[in-house]
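> So here's structure-v3.txt, just compact mmCIF, C-alpha atoms:
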# COMPACT_ATOMS: atom_id res chain seq x y z
CA MET V 1 -21.54 -39.01 -22.69
CA SER V 2 -21.05 -42.65 -23.73
CA ILE V 3 -19.35 -44.84 -21.11
CA LYS V 4 -17.96 -48.35 -21.49
CA LEU V 5 -15.86 -50.82 -19.56
CA GLY V 6 -12.19 -50.78 -20.48
CA PRO V 7 -9.46 -53.41 -20.13
CA ASN V 8 -9.55 -55.26 -16.83
CA ARG V 9 -8.12 -58.25 -15.02
CA TYR V 10 -8.35 -59.78 -11.59
CA GLY V 11 -6.46 -62.41 -9.64
CA LYS V 12 -4.62 -63.48 -6.52
CA ALA V 13 -1.44 -61.57 -5.79
CA GLU V 14 1.63 -62.58 -3.80
CA ASN V 15 1.04 -66.26 -3.21
CA ARG V 16 4.15 -67.36 -1.29
CA VAL V 17 4.83 -71.01 -2.01
CA VAL V 18 7.88 -72.99 -0.89
CA ARG V 19 8.36 -76.43 -2.46
CA VAL V 20 10.77 -78.86 -0.82
CA THR V 21 11.80 -81.81 -3.00
CA LYS V 22 13.22 -84.65 -0.93
CA THR V 23 15.61 -87.26 -2.29
CA GLY V 24 16.71 -89.16 0.76
CA GLY V 25 18.73 -86.80 2.91
CA VAL V 26 19.26 -84.34 0.05
CA HIS V 27 16.58 -81.65 -0.18
CA GLU V 28 16.02 -79.00 -2.86
CA ILE V 29 14.09 -75.75 -2.28
CA ARG V 30 12.18 -73.54 -4.70
CA ASP V 31 10.81 -70.42 -2.98
CA LEU V 32 8.39 -68.39 -5.11
CA ASN V 33 6.09 -65.41 -4.87
CA VAL V 34 3.36 -65.99 -7.48
CA GLY V 35 0.85 -63.48 -8.80
CA VAL V 36 -2.08 -64.54 -11.00
CA ALA V 37 -4.13 -62.14 -13.14
CA LEU V 38 -6.96 -63.33 -15.39
CA SER V 39 -9.09 -61.59 -18.01
CA GLY V 40 -11.84 -62.58 -20.42
CA ASP V 41 -15.65 -62.46 -20.35
CA MET V 42 -15.90 -60.17 -17.35
CA ASP V 43 -18.40 -57.54 -18.48
CA GLU V 44 -21.34 -58.76 -16.40
CA VAL V 45 -19.46 -59.03 -13.12
CA HIS V 46 -18.49 -55.36 -13.48
CA LEU V 47 -21.83 -54.08 -14.78
CA THR V 48 -24.35 -56.16 -12.81
CA GLY V 49 -22.36 -58.10 -10.20
CA ASP V 50 -23.11 -61.46 -11.88
CA ASN V 51 -20.24 -63.78 -10.82
CA ALA V 52 -21.04 -66.62 -13.24
CA THR V 53 -17.76 -66.18 -15.14
CA VAL V 54 -15.55 -65.50 -12.12
CA LEU V 55 -13.04 -68.07 -10.90
CA PRO V 56 -12.57 -67.01 -7.26
CA THR V 57 -9.18 -65.67 -6.35
CA ASP V 58 -9.16 -68.13 -3.46
CA THR V 59 -9.41 -70.95 -6.01
CA GLN V 60 -6.49 -69.44 -7.88
CA LYS V 61 -4.46 -69.46 -4.66
CA ASN V 62 -5.35 -73.09 -3.99
CA THR V 63 -4.34 -74.02 -7.53
CA VAL V 64 -0.88 -72.55 -7.01
CA PHE V 65 -0.30 -74.74 -3.94
CA ALA V 66 -1.88 -77.84 -5.48
CA PHE V 67 0.24 -77.50 -8.63
CA ALA V 68 3.38 -77.15 -6.48
CA LYS V 69 2.57 -80.58 -5.04
CA GLU V 70 1.27 -82.27 -8.21
CA HIS V 71 3.84 -80.97 -10.69
CA GLY V 72 6.72 -79.72 -8.57
CA ILE V 73 8.58 -76.52 -9.43
CA THR V 74 11.39 -77.07 -11.90
CA SER V 75 11.76 -73.35 -12.66
CA PRO V 76 9.68 -70.18 -12.28
CA GLU V 77 9.05 -70.06 -16.03
CA ALA V 78 7.90 -73.67 -16.33
CA PHE V 79 5.65 -73.34 -13.26
CA GLY V 80 4.16 -70.10 -14.61
CA LEU V 81 3.41 -71.70 -17.97
CA LEU V 82 1.68 -74.64 -16.29
CA LEU V 83 -0.55 -72.31 -14.28
CA ALA V 84 -1.33 -69.94 -17.16
CA ARG V 85 -2.29 -72.75 -19.52
CA HIS V 86 -4.43 -74.42 -16.85
CA PHE V 87 -6.47 -71.31 -16.08
CA VAL V 88 -7.18 -70.50 -19.73
CA ASP V 89 -7.66 -74.03 -21.05
CA SER V 90 -9.88 -75.23 -18.16
CA GLN V 91 -12.21 -72.22 -17.91
CA PRO V 92 -13.96 -71.06 -21.14
CA PRO V 93 -14.75 -67.52 -19.87
CA ILE V 94 -11.05 -66.89 -19.21
CA ARG V 95 -9.26 -65.71 -22.36
CA HIS V 96 -5.92 -64.59 -21.01
CA ALA V 97 -3.74 -65.39 -18.03
CA ARG V 98 -0.73 -63.49 -16.75
CA VAL V 99 1.41 -65.17 -14.11
CA SER V 100 4.16 -63.12 -12.47
CA LEU V 101 6.80 -64.83 -10.38
CA GLU V 102 9.71 -63.93 -8.12
CA GLU V 103 12.15 -66.54 -6.86
CA TYR V 104 14.19 -66.17 -3.69
CA ALA V 105 17.38 -68.20 -3.78
CA TRP V 106 18.71 -70.43 -1.01
CA GLU V 107 22.25 -71.77 -0.72
CA ARG V 108 23.01 -75.10 0.87
CA ILE V 109 24.92 -75.25 4.17
CA VAL V 110 27.25 -78.24 4.29
CA VAL V 111 29.38 -78.47 7.43
CA GLY V 112 31.22 -81.67 6.61
CA PRO V 113 31.38 -84.49 4.03
CA GLY V 114 28.49 -86.90 4.21
CA ASP V 115 26.19 -84.51 6.05
CA LYS V 116 22.48 -84.70 5.40
CA GLN V 117 21.89 -81.84 3.04
CA TYR V 118 18.79 -80.10 4.30
CA SER V 119 20.19 -76.89 5.80
CA PHE V 120 20.11 -73.65 3.81
CA VAL V 121 21.01 -69.97 4.07
CA ARG V 122 19.09 -67.34 2.15
CA SER V 123 21.15 -65.96 -0.73
CA GLY V 124 21.41 -62.18 -0.46
CA GLN V 125 22.12 -61.33 -4.08
CA GLU V 126 19.49 -60.84 -6.78
CA THR V 127 15.83 -61.83 -7.00
CA ARG V 128 14.94 -63.92 -10.03
CA THR V 129 11.75 -62.92 -11.86
CA ALA V 130 9.52 -64.29 -14.59
CA ARG V 131 6.30 -63.18 -16.26
CA VAL V 132 4.18 -65.52 -18.38
CA HIS V 133 1.26 -64.67 -20.65
CA TYR V 134 -1.04 -67.20 -22.34
CA ASP V 135 -4.17 -66.57 -24.43
CA GLY V 136 -5.24 -70.07 -25.39
CA GLU V 137 -2.97 -70.23 -28.44
CA ASN V 138 0.24 -68.31 -27.81
CA ALA V 139 2.52 -68.04 -24.81
CA TRP V 140 5.00 -65.24 -24.08
CA VAL V 141 7.75 -65.44 -21.47
CA VAL V 142 9.87 -62.66 -20.02
CA SER V 143 12.51 -63.66 -17.47
CA GLY V 144 14.58 -61.32 -15.38
CA LEU V 145 16.41 -60.39 -12.24
CA THR V 146 16.44 -57.44 -9.85
CA GLY V 147 18.87 -56.18 -7.26
CA LEU V 148 22.13 -57.60 -8.67
CA VAL V 149 24.68 -55.08 -7.33
CA VAL V 150 28.01 -54.88 -9.20
CA LEU V 151 31.04 -52.61 -8.98
CA ASN V 152 34.24 -51.94 -10.94
CA SER V 153 36.79 -50.13 -8.77
CA THR V 154 38.55 -48.79 -11.89
CA GLY V 155 38.26 -49.17 -15.65
CA SER V 156 35.68 -46.41 -16.03
CA GLU V 157 35.80 -42.80 -17.21
CA PHE V 158 33.26 -40.05 -17.82
CA HIS V 159 34.17 -36.90 -19.75
CA GLY V 160 33.40 -34.94 -22.91
CA TYR V 161 29.79 -34.30 -21.90
CA ILE V 162 27.70 -31.15 -22.41
CA LYS V 163 28.60 -28.32 -20.04
CA ASP V 164 26.51 -25.25 -19.29
CA LYS V 165 26.36 -22.64 -16.53
CA TYR V 166 24.85 -25.17 -14.12
CA THR V 167 27.51 -27.82 -14.62
CA THR V 168 29.74 -28.47 -11.62
CA LEU V 169 30.64 -32.12 -12.21
CA ARG V 170 34.32 -32.65 -12.82
CA GLU V 171 35.44 -34.88 -15.66
CA ALA V 172 36.59 -38.30 -14.47
CA TYR V 173 39.38 -40.32 -16.04
CA ASP V 174 39.45 -43.02 -13.37
CA ARG V 175 36.28 -43.63 -11.40
CA VAL V 176 34.32 -46.29 -9.56
CA LEU V 177 31.44 -47.64 -11.65
CA ALA V 178 28.71 -49.30 -9.60
CA THR V 179 25.12 -50.16 -10.36
CA GLU V 180 22.23 -52.42 -9.41
CA VAL V 181 21.33 -54.51 -12.42
CA ASN V 182 17.59 -54.78 -13.05
CA ALA V 183 17.12 -56.76 -16.23
CA GLN V 184 14.36 -58.45 -18.17
CA TRP V 185 14.78 -60.59 -21.27
CA ARG V 186 12.17 -61.82 -23.73
CA PHE V 187 12.27 -65.22 -25.36
CA ALA V 188 11.50 -65.75 -29.04
CA SER V 189 11.41 -69.50 -28.39
CA GLU V 190 11.42 -71.66 -25.28
CA PRO V 191 14.82 -72.92 -24.19
CA GLY V 192 15.22 -76.56 -23.32
CA ASP V 193 16.25 -75.71 -19.76
CA TRP V 194 14.94 -72.52 -18.12
CA ASP V 195 17.41 -72.69 -15.22
CA LYS V 196 20.36 -73.11 -17.59
CA ALA V 197 19.16 -70.13 -19.66
CA TYR V 198 18.92 -68.03 -16.49
CA ARG V 199 22.46 -68.93 -15.45
CA GLU V 200 23.78 -68.15 -18.93
CA VAL V 201 22.06 -64.76 -19.10
CA ARG V 202 23.22 -63.83 -15.60
CA GLY V 203 26.74 -64.90 -16.47
CA ALA V 204 26.71 -62.88 -19.68
CA LEU V 205 25.54 -59.76 -17.82
CA LEU V 206 28.33 -60.09 -15.26
CA GLU V 207 31.02 -60.90 -17.82
CA ALA V 208 30.10 -57.91 -19.98
CA PHE V 209 30.13 -55.59 -16.97
CA ALA V 210 33.57 -56.83 -15.95
CA ASP V 211 35.03 -56.90 -19.49
CA THR V 212 33.89 -53.46 -20.67
CA TYR V 213 36.22 -50.51 -20.23
CA SER V 214 33.47 -47.98 -19.75
CA TYR V 215 33.27 -44.37 -20.89
CA SER V 216 29.60 -44.20 -19.91
CA LEU V 217 27.07 -46.41 -18.18
CA GLN V 218 25.08 -46.33 -21.43
CA GLN V 219 28.00 -48.01 -23.18
CA THR V 220 28.10 -50.67 -20.48
CA LEU V 221 24.34 -51.21 -20.75
CA TYR V 222 24.60 -51.87 -24.48
CA ALA V 223 27.55 -54.21 -23.99
CA MET V 224 25.59 -56.21 -21.42
CA GLY V 225 22.54 -56.57 -23.66
CA ASP V 226 24.69 -57.46 -26.66
CA ARG V 227 26.52 -60.14 -24.67
CA VAL V 228 23.23 -61.73 -23.57
CA LEU V 229 21.86 -61.91 -27.13
CA GLY V 230 25.08 -63.56 -28.28
CA ALA V 231 25.13 -66.07 -25.42
CA VAL V 232 21.51 -67.25 -25.41
CA PRO V 233 20.03 -67.55 -28.93
CA GLU V 234 16.46 -68.03 -27.65
CA VAL V 235 16.52 -64.49 -26.20
CA CYS V 236 15.50 -61.77 -28.65
CA GLU V 237 15.26 -58.66 -26.45
CA VAL V 238 16.88 -57.39 -23.27
CA ARG V 239 15.67 -54.44 -21.21
CA LEU V 240 17.98 -52.98 -18.59
CA SER V 241 17.53 -50.41 -15.84
CA LEU V 242 20.83 -49.38 -14.26
CA PRO V 243 20.89 -46.81 -11.45
CA ASN V 244 24.32 -45.20 -11.20
CA LYS V 245 25.48 -45.84 -7.64
CA HIS V 246 27.74 -42.80 -7.41
CA HIS V 247 31.04 -43.07 -5.53
CA PHE V 248 32.73 -39.71 -5.00
CA ALA V 249 36.38 -39.47 -3.95
CA VAL V 250 36.56 -37.74 -0.57
CA ASP V 251 38.72 -34.60 -0.35
CA LEU V 252 41.21 -35.39 2.42
CA SER V 253 43.57 -32.51 1.68
CA GLY V 254 42.33 -30.65 4.79
CA PHE V 255 43.91 -33.41 6.85
CA GLY V 256 47.18 -33.35 4.93
CA LEU V 257 46.30 -36.63 3.20
CA ASP V 258 46.34 -37.58 -0.46
CA ASN V 259 43.44 -39.62 -1.86
CA ASP V 260 44.47 -41.54 -4.95
CA ASN V 261 40.98 -42.95 -5.57
CA GLU V 262 41.13 -45.03 -2.41
CA VAL V 263 38.49 -43.48 -0.13
CA PHE V 264 35.00 -42.74 -1.45
CA PHE V 265 31.65 -41.44 -0.27
CA ALA V 266 28.92 -43.76 -1.53
CA ALA V 267 25.89 -41.57 -2.28
CA ASP V 268 22.53 -43.33 -2.29
CA ARG V 269 20.50 -40.44 -3.75
CA PRO V 270 19.91 -38.65 -5.99
CA TYR V 271 21.30 -40.96 -8.66
CA GLY V 272 21.49 -41.18 -12.41
CA LEU V 273 19.17 -43.79 -13.91
CA ILE V 274 20.18 -45.34 -17.23
CA GLU V 275 17.57 -47.43 -19.06
CA GLY V 276 17.67 -49.04 -22.46
CA THR V 277 16.66 -51.92 -24.70
CA VAL V 278 18.91 -54.10 -26.83
CA LEU V 279 17.17 -56.41 -29.28
CA ALA V 280 17.75 -58.58 -32.30
CA GLU V 281 16.84 -56.94 -35.61
CA ASP V 282 14.49 -59.84 -36.40
CA ALA V 283 12.89 -59.96 -32.95
CA PRO V 284 9.22 -60.97 -33.24
CA VAL V 285 6.49 -58.55 -32.16
CA PRO V 286 6.32 -58.80 -28.36
CA GLY V 287 2.53 -59.05 -28.04
CA PRO V 288 1.56 -58.69 -24.37
CA ALA V 289 4.93 -59.96 -23.11
CA TRP V 290 5.91 -56.76 -21.30
CA GLU V 291 2.53 -56.05 -19.70
Mind converting the file's structure to C-alpha cells?

Amino acid sequence: MSIKLGPNRYGKAENRVVRVTKTGGVHEIRDLNVGVALSGDMDEVHLTGDNATVLPTDTQKNTVFAFAKEHGITSPEAFGLLLARHFVDSQPPIRHARVSLEEYAWERIVVGPGDKQYSFVRSGQETRTARVHYDGENAWVVSGLTGLVVLNSTGSEFHGYIKDKYTTLREAYDRVLATEVNAQWRFASEPGDWDKAYREVRGALLEAFADTYSYSLQQTLYAMGDRVLGAVPEVCEVRLSLPNKHHFAVDLSGFGLDNDNEVFFAADRPYGLIEGTVLAEDAPVPGPAWE
C-alpha cells in the first residue's frame, strides 16, 4: 500500500490580544481572539522531524502581540491581512496563511459630560468574526458574525407544508419568529473601510429580518442575504445558519384563561436549523475563502 502525506497546516490558536488606543482621556478598545494556521514546505518535519522550515508557534504568538503594538488594530480584517501577508512574504517555506479572528465588542460607559472616556461594559450581543487567507499572490476575506439573536413577535406564518401520519404540528397563521443569526459574507473586492462594511451588513441583516412578512424561515434567510448583497457591493456571497428558536403558545384553557398569542414556552431544543447561501450570479470562484 502506497502512503503519502496529505494536506496539513499548523499554527497558534486562540491568541487573546486587547489593544488600547489612547488619545488623551479618550480610549478605544479592540479585543480579538486570533488564530494562525500556516502551510507550505512541511514534508520533512512530518516525515523525519526536521524543523528547518518550521516557524515556531510561539513566534507566531509573539508576532500577533508585536503587530498589535506596531500597527494597531483598525479592524479584524485589516489586522488579519497584515499578519497573513507577513507570514507568507517573510518566510519562503510558508506558502499559505490562514488567520481566523473573533472580536468581542465593548461599549463605552459615560456617566456625565466631560468625563474621561476610559470605562467600558462588554457588549452582550453578537461576536464579530473574520477569516483571511493569503498565498503570496491572492488574498481572500470572509467576514461574519455569530450569536445575533432576533425576534419578531408577529408577522410570521407557517402552513401548507407536507403532512403525513407522523405530523402533529398545527398550522400557524400568527406566530413568533425568533432565531440566532450566524452569518458569513465573502468579499469580491476589499472595501475602503472594513468597520463601515461590517455595520452596513449587520444593518441590512436586521432590516431584512424586521421588514419581511415571513411564511417560512427560508424565505427570511433569502431576504436577508439579498438585502446584504444590495447594500454592500463588495460582498458577493452570504452564508446564513438560522436555528429556529421555537416559541409555542401555552394552553391556558385548563385555568379558564384565553391565550391570544401572549404567553409562550420558549423551547431551546430540539430546533429546526435553516441554512443557505445567497450569492451574486457573477461571484468569483471562492478559492480557499471558506476553509
> Could you please give me, as a PyMOL selection string, the residues of protein, DNA or RNA lying at most 10 Å from (-9.1, -60.2, -18.6) in the coordinate frame of the file, considering only C-alpha atoms?
chain V and resi 7-11+37-43+93-98+135
> What's around Thr21 of chain V at 10 Å? Count only C-alpha atoms, leave out sequence neighbours fewer than 5 positions away in its own chain, and write the answer as a CSV table (one decimal) with C-alpha atoms, in the frame of the given file.

chain,number,residue,atom,x,y,z
V,26,VAL,CA,19.3,-84.3,0.0
V,27,HIS,CA,16.6,-81.6,-0.2
V,28,GLU,CA,16.0,-79.0,-2.9
V,29,ILE,CA,14.1,-75.8,-2.3
V,30,ARG,CA,12.2,-73.5,-4.7
V,69,LYS,CA,2.6,-80.6,-5.0
V,72,GLY,CA,6.7,-79.7,-8.6
V,73,ILE,CA,8.6,-76.5,-9.4
> With distances taken over all atoms listed in the file, which of V:Leu101, V:Arg128, V:Phe67, V:Pro92 is nearest to Asp195 of chain V?
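When distances to Asp195 of chain V are compared using all atoms listed in the file, the smallest one comes from V:Arg128.
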> What's the separation between atom CA of Tyr213 of chain V and atom CA of Arg186 of chain V, in Å to one decimal place?
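Interatomic distance here is 26.8 Å.
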> From the options V:Arg122, V:Lys163, V:Arg108, V:Arg19, which residue's atoms come nearest to His71 of chain V, counting all atoms listed in the file?
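Ranked by minimum distance to His71 of chain V, first place goes to V:Arg19.
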> For Lys245 of chain V, which of V:Ala188, V:Ala204, V:Ala280, V:Ala178 is the closest residue, counting all atoms listed in the file?
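Between V:Ala188, V:Ala204, V:Ala280, V:Ala178, the residue approaching Lys245 of chain V most closely is V:Ala178.
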> Write out as a list in words the residues lying within 9 Å of Glu275 of chain V, counting all atoms listed in the file and excluding same-chain residues fewer than 6 positions away.
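Answer for this query is Gln218, Leu221, Arg239, Leu240, Ser241, Leu242 and Pro243 of chain V.
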> Report, in Å with one decimal, the straight-line distance from atom CA of Thr74 of chain V to atom CA of Pro286 of chain V.
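About the pair atom CA of Thr74 of chain V and atom CA of Pro286 of chain V: they are 25.1 Å apart.
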> What's the separation between atom CA of Ala66 of chain V and atom CA of Ser100 of chain V, in Å to one decimal place?
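Between these atoms lies a distance of 17.4 Å.
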> If we count all atoms listed in the file and set the cut-off at 6 Å, which residues sit around segment 77-83 of chain V, ignoring sequence neighbours fewer than 2 positions away in its own chain? Please answer as a ChimeraX atom specification.
/V:73,75,85-86,99,130,132
> Can I get the selection written as a compact mmCIF listing (two decimals), keeping the file's coordinate frame, with C-alpha atoms?

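Output saved as selection-v2.txt:
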# COMPACT_ATOMS: atom_id res chain seq x y z
CA ILE V 73 8.58 -76.52 -9.43
CA SER V 75 11.76 -73.35 -12.66
CA ARG V 85 -2.29 -72.75 -19.52
CA HIS V 86 -4.43 -74.42 -16.85
CA VAL V 99 1.41 -65.17 -14.11
CA ALA V 130 9.52 -64.29 -14.59
CA VAL V 132 4.18 -65.52 -18.38
